[in-house]
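**Q** Sharing a structure with you now.
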Amino acid sequence: MTAPEHKVAKAFYLKTFGCQMNVYDSERMMEALSAQGYVETAEVDQADLVILNTCHIREKAAEKVYSDLGRIRDIKIARQKAGKNTVVTVAGCVAQAEGSEIVRRQPAVDLVIGPQSYHRLGHLIAKTNDTKSSIVETEFTENEKFAALPKARKLATPSAFLTVQEGCDKFCTFCVVPYTRGQEFSRPLADIMAEARRLVDVGARELTLLGQNVNAYHGAGRNGTTASLATLVTELAEIEGLARIRYMTSHPRDMDDDLIAAHRDVPQLMPYLHLPVQSGSDAMLTAMNRKHTAQEYIALIARVRAARPGIALSSDFIVGFPGETDADFDATMALVRTIGFAQSFSFKYSARAGTPAASLDAQVPEDVKTRRLLSLQAVLEEQQLAFNAATVGQTLPVLFERTGREPGTLVGRTPYLQLIHADGDASLVGQILPVTVTAYRQMSLTGTLARVIAAA
């Protein structure tokens, strides 16, 4: 009797670029592929399916994709010579923005799939085997992907991402999001609550709610109502076992009174707020179409701090936006010094094709942008160091997310999103324990479990 033929599972390699939203999307693609019998590999030359989940926010990130595709093309050719097929897929925002241009620049690409269509990934991969031409799938379909993806979730850590909103209607002149992710769409409250409960059931202690403009969330609520982000946060806080809630990224124009009050009233909502301002110059904010002034942002932060004293603040800054003068940049520096940030992200302006700012006159010379960025980052780093230094001697609740590189060490997060290292057994991963901060660096803290100190 002949033994049954053993079917070898196909392997996939997935590389993620950019934001937390892409991380969430990649996790969901991985779950869908696993359900179809694929296994993940960390070696791109061993993969039957290669996926680049891309980011289009800055030109450098997009060009990195094409650089990777050149290397993947060579791997695909080598595998073909060995009788092995490789399906090369570009997903995410570069796929949405550039579509068939990707195939023109790199014919080795078999599939281009936008961020609203990745629930069809398995079907489209199979379709590539039936056609000799590349497939470009970049249609927008609200909520369809969330309904179609597997309900089961797997967690690598006790902290999980949960997309609640996609797209943006603000149309900042530097931003490609409205063109790559579409208009604002909010998932129904009931769907989010169901996914959140499933995540908690498999070990999530912390959820980070994601959206391109997450505080614009306005999903279908209960009894025909519309739920705000504050409503969603309040309901999530009722889930037994969910200890921490975060959200990002927000827009100042959508930071309403109810959400500020939630920071005061919902203990599970962590004392951390990422609220991009981009510039401290009203002239630049107007040119960026941000729809708020520097003073309005400062006043908003004052209200947030009144509701939640000690909250850690984070922001985004763009330097060298077209037309930015020395006086405009000085206004940004003044805003930074007035507010004081626990951490922030800062970038040189990068023109994105198709955005209004790309065609503006008075583009700032590269050397000027570099000089301004270095000056801004010096102040932001000084503020981050000061914030971290202030935690030394404090005992903070830390959610341990994983084991460290060295045996017997753990890595976790404070309520303020600071990375912290401490000695401890792997069995403590997933627990929230008191840690006394003993040292600080630019990007992390070191601490000792408080119960160890007490026992000494």
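Ordering of the structure tokens sets the chain letters (A, B, ...), residue numbers begin anew at 1 in every chain, and ligands are numbered from 1 in the order given.
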Mind checking which residues fall within 9 Å of A:Lys291, counting only C-alpha atoms, ignoring those fewer than 4 positions away in the same chain, and posting them as a VMD selection string?

**A** chain A and resid 170 172 252 to 253 285 to 286

**Q** Could you give me, as a VMD selection string, each residue of stretch 83-113 of chain A that DSSP assigns to strand (DSSP E or B) when run on this structure's backbone?

**A** chain A and resid 87 to 92 111 to 113

**Q** Please identify which residues in stretch 224-384 of chain A DSSP calls alpha helix (DSSP H) from the backbone, and express them as a ChimeraX atom specification.

**A** /A:229-236,257-265,282-287,294-307,326-339,366-384

**Q** Can you list, as a list in words, every protein, DNA or RNA residue that comes within 12 Å of A:Ala220 when you count only C-alpha atoms, leaving out same-chain residues fewer than 5 positions away?

**A**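 Final neighbour list, sorted by chain and number: Val164, Gln165, Phe185, Ser186, Arg187, Pro188, Leu189, Ala190, Asp191, Ile192, Met193, Thr225, Thr226, Ala227, Ser228, Leu229, Thr231 and Leu232 of chain A.
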
**Q** With 12 Å as the cut-off and only C-alpha atoms counted, what is the closest atom pair between each nearby residue of stretch 238-259 of chain A and stretch 399-406 of chain A? Distances in Å to one decimal, ordered by chain and number, as JSON lines.

**A**
```
{"residue": "A:Leu242", "atom": "CA", "partner": "A:Leu399", "partner_atom": "CA", "distance": 11.8}
{"residue": "A:Ala243", "atom": "CA", "partner": "A:Leu399", "partner_atom": "CA", "distance": 9.4}
{"residue": "A:Arg244", "atom": "CA", "partner": "A:Leu399", "partner_atom": "CA", "distance": 9.1}
```

**Q** Please write the residues from the selection above to a file, keeping C-alpha atoms, as a PDB file, in the first residue's frame.

**A**
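File written: selection.pdb
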```
ATOM      1  CA  LEU A 242      -8.498  44.627  30.321  1.00  0.00           C
ATOM      2  CA  ALA A 243      -6.195  46.733  32.471  1.00  0.00           C
ATOM      3  CA  ARG A 244      -4.933  49.369  30.048  1.00  0.00           C
TER       4      ARG A 244
END
```

**Q** Using only C-alpha atoms, which of A:Val319, A:Leu275, A:Ala342, A:Val336 sits nearest A:Phe174?

**A**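 Going through A:Val319, A:Leu275, A:Ala342, A:Val336 one by one, the smallest distance to A:Phe174 is for A:Val319.
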
**Q** Could you tell me which of A:Val112, A:Ala357, A:Val39, A:Ile339 comes closest to A:Gly320 if we count only C-alpha atoms?

**A**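 For A:Gly320, the nearest of the candidates is A:Ala357.
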
**Q** Near A:His274, within 9 Å and counting only C-alpha atoms, which residues show up once chain neighbours fewer than 5 positions away are dropped, as a PyMOL selection string?

**A** chain A and resi 247-250+312-316+344

**Q** May I ask which of the residues A:Arg371, A:Thr54, A:Ile298, A:Pro107 is the closest one to A:Ile77, counting only C-alpha atoms?

**A**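 So, comparing all the options, the nearest one is A:Pro107.
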
**Q** Do you have, as a Markdown table, the list of residues of stretch 142-218 of chain A lying at most 9 Å from stretch 91-98 of chain A, each with its nearest atom pair and that distance in Å to one decimal, counting only C-alpha atoms and ordered by chain then number?

**A**
```
| residue | atom | partner | partner_atom | distance |
| --- | --- | --- | --- | --- |
| A:Val176 | CA | A:Ala97 | CA | 8.2 |
| A:Val177 | CA | A:Cys93 | CA | 8.1 |
| A:Tyr179 | CA | A:Ala97 | CA | 6.9 |
| A:Thr180 | CA | A:Gln96 | CA | 5.3 |
| A:Arg181 | CA | A:Cys93 | CA | 7.2 |
```

**Q** Create the file for the chosen residues now, containing C-alpha atoms and written as a PDB file, in the first residue's frame.

**A**
```
ATOM      1  CA  VAL A 176      -1.235  61.276   1.542  1.00  0.00           C
ATOM      2  CA  VAL A 177      -3.535  59.469   3.992  1.00  0.00           C
ATOM      3  CA  TYR A 179      -5.637  59.284  -0.861  1.00  0.00           C
ATOM      4  CA  THR A 180      -4.190  55.990   0.386  1.00  0.00           C
ATOM      5  CA  ARG A 181      -6.625  55.127   3.196  1.00  0.00           C
TER       6      ARG A 181
END
```

**Q** Here is a test: counting only C-alpha atoms, which residue of A:Gln394, A:Phe345, A:Ala160, A:Val214 is nearest to A:Arg198?

**A**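 For A:Arg198, the nearest of the candidates is A:Ala160.
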
**Q** Find the residues of stretch 87-184 of chain A that sit at most 9 Å from stretch 61-73 of chain A; for each, write down the nearest two atoms and how far apart they are in Å, to one decimal. Count only C-alpha atoms. Sort by chain, then by number going up, and give it as a tab-separated table.

**A**
```
residue	atom	partner	partner_atom	distance
A:Val88	CA	A:Ile72	CA	7.9
A:Val90	CA	A:Val65	CA	8.7
A:Val94	CA	A:Ala62	CA	6.5
A:Ile102	CA	A:Tyr66	CA	8.3
A:Arg105	CA	A:Tyr66	CA	8.2
A:Gln106	CA	A:Leu69	CA	7.1
A:Pro107	CA	A:Arg73	CA	8.6
A:Ala108	CA	A:Arg73	CA	5.6
A:Val109	CA	A:Leu69	CA	7.9
```

**Q** Filtering to N, CA and C atoms, could you give me those residues as a JSON list (two decimals), in the first residue's frame?

**A**
```json
[["chain", "number", "residue", "atom", "x", "y", "z"],
["A", 88, "VAL", "N", 5.29, 37.62, -5.47],
["A", 88, "VAL", "CA", 5.75, 38.85, -4.85],
["A", 88, "VAL", "C", 4.58, 39.83, -4.76],
["A", 90, "VAL", "N", 3.04, 43.53, -3.12],
["A", 90, "VAL", "CA", 3.21, 44.83, -2.47],
["A", 90, "VAL", "C", 1.84, 45.24, -1.93],
["A", 94, "VAL", "N", 1.78, 52.41, -0.20],
["A", 94, "VAL", "CA", 2.47, 52.61, -1.47],
["A", 94, "VAL", "C", 1.70, 51.90, -2.58],
["A", 102, "ILE", "N", 3.90, 50.50, -9.74],
["A", 102, "ILE", "CA", 4.81, 49.57, -9.07],
["A", 102, "ILE", "C", 5.22, 48.47, -10.02],
["A", 105, "ARG", "N", 7.61, 49.77, -12.67],
["A", 105, "ARG", "CA", 8.98, 49.95, -12.19],
["A", 105, "ARG", "C", 9.64, 48.63, -11.82],
["A", 106, "GLN", "N", 8.83, 47.66, -11.38],
["A", 106, "GLN", "CA", 9.40, 46.38, -10.98],
["A", 106, "GLN", "C", 8.48, 45.24, -11.46],
["A", 107, "PRO", "N", 8.71, 44.74, -12.68],
["A", 107, "PRO", "CA", 7.84, 43.70, -13.25],
["A", 107, "PRO", "C", 7.81, 42.39, -12.46],
["A", 108, "ALA", "N", 8.75, 42.20, -11.52],
["A", 108, "ALA", "CA", 8.74, 40.97, -10.73],
["A", 108, "ALA", "C", 7.56, 40.91, -9.77],
["A", 109, "VAL", "N", 6.88, 42.04, -9.57],
["A", 109, "VAL", "CA", 5.73, 42.09, -8.65],
["A", 109, "VAL", "C", 4.53, 41.41, -9.31]]
```

**Q** If we count only C-alpha atoms, what is near A:Asp265 at a cut-off of 12 Å, once residues fewer than 5 positions away on the same chain are taken out, given as a list in words?

**A**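 Answer for this query is Ala230, Thr231, Val233, Thr234, Ala237, Asp258, Leu259, Ile260, Met270, Pro271, Ala307 and Arg308 of chain A.
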
**Q** Would you put the residues from that selection into a file with C-alpha atoms, as a CSV table (one decimal), in the first residue's frame?

**A**
```csv
chain,number,residue,atom,x,y,z
A,230,ALA,CA,-14.9,58.6,24.8
A,231,THR,CA,-17.9,56.2,24.7
A,233,VAL,CA,-13.1,53.9,25.8
A,234,THR,CA,-15.7,53.9,28.6
A,237,ALA,CA,-13.0,49.7,30.4
A,258,ASP,CA,-15.9,64.1,26.6
A,259,LEU,CA,-12.5,62.6,25.6
A,260,ILE,CA,-10.7,64.9,27.9
A,270,MET,CA,-3.3,55.5,30.4
A,271,PRO,CA,-1.8,58.9,31.2
A,307,ALA,CA,-8.1,66.9,33.7
A,308,ARG,CA,-5.1,64.5,34.1
```

**Q** Just the residues within 9 Å of A:Gly340, please, counting only C-alpha atoms, with nothing from its chain fewer than 3 positions along; format it as a compact mmCIF listing (two decimals) with C-alpha atoms, in the first residue's frame.

**A**
```
# COMPACT_ATOMS: atom_id res chain seq x y z
CA LEU A 313 2.55 64.28 26.06
CA LEU A 335 5.80 76.11 21.47
CA VAL A 336 7.98 73.11 22.35
CA ARG A 337 9.56 74.97 25.25
CA GLN A 343 8.70 62.25 23.73
CA LEU A 380 13.01 67.41 22.29
CA GLN A 383 12.82 67.22 27.40
CA GLN A 384 12.56 63.45 27.04
CA PHE A 387 10.83 63.44 31.84
```

**Q** Would you please work out which residue, of A:Thr86, A:Asn215, A:Thr438, A:Ser346, is nearest to A:Leu376 when using only C-alpha atoms?

**A**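 Closest residue, counting only C-alpha atoms: A:Ser346.
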
**Q** So that each row is one residue of stretch 170-219 of chain A with an atom at most 10 Å from stretch 11-24 of chain A, can you give its shortest atom pair and the distance in Å to one decimal, using only C-alpha atoms, rows by chain and rising number, as JSON lines?

**A**
```
{"residue": "A:Thr208", "atom": "CA", "partner": "A:Gln20", "partner_atom": "CA", "distance": 9.3}
{"residue": "A:Leu209", "atom": "CA", "partner": "A:Met21", "partner_atom": "CA", "distance": 9.6}
{"residue": "A:Leu210", "atom": "CA", "partner": "A:Met21", "partner_atom": "CA", "distance": 6.3}
{"residue": "A:Gly211", "atom": "CA", "partner": "A:Met21", "partner_atom": "CA", "distance": 7.0}
{"residue": "A:Gln212", "atom": "CA", "partner": "A:Met21", "partner_atom": "CA", "distance": 7.8}
```

**Q** What separation in Å, quoted to one decimal, exists between atom CA of A:Gly412 and atom CA of A:Lys154?

**A**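 Separating atom CA of A:Gly412 from atom CA of A:Lys154 is a distance of 19.3 Å.
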
**Q** What does the distance between atom CA of A:Arg303 and atom CA of A:Met284 come to in Å, to one decimal place?

**A** 23.8 Å
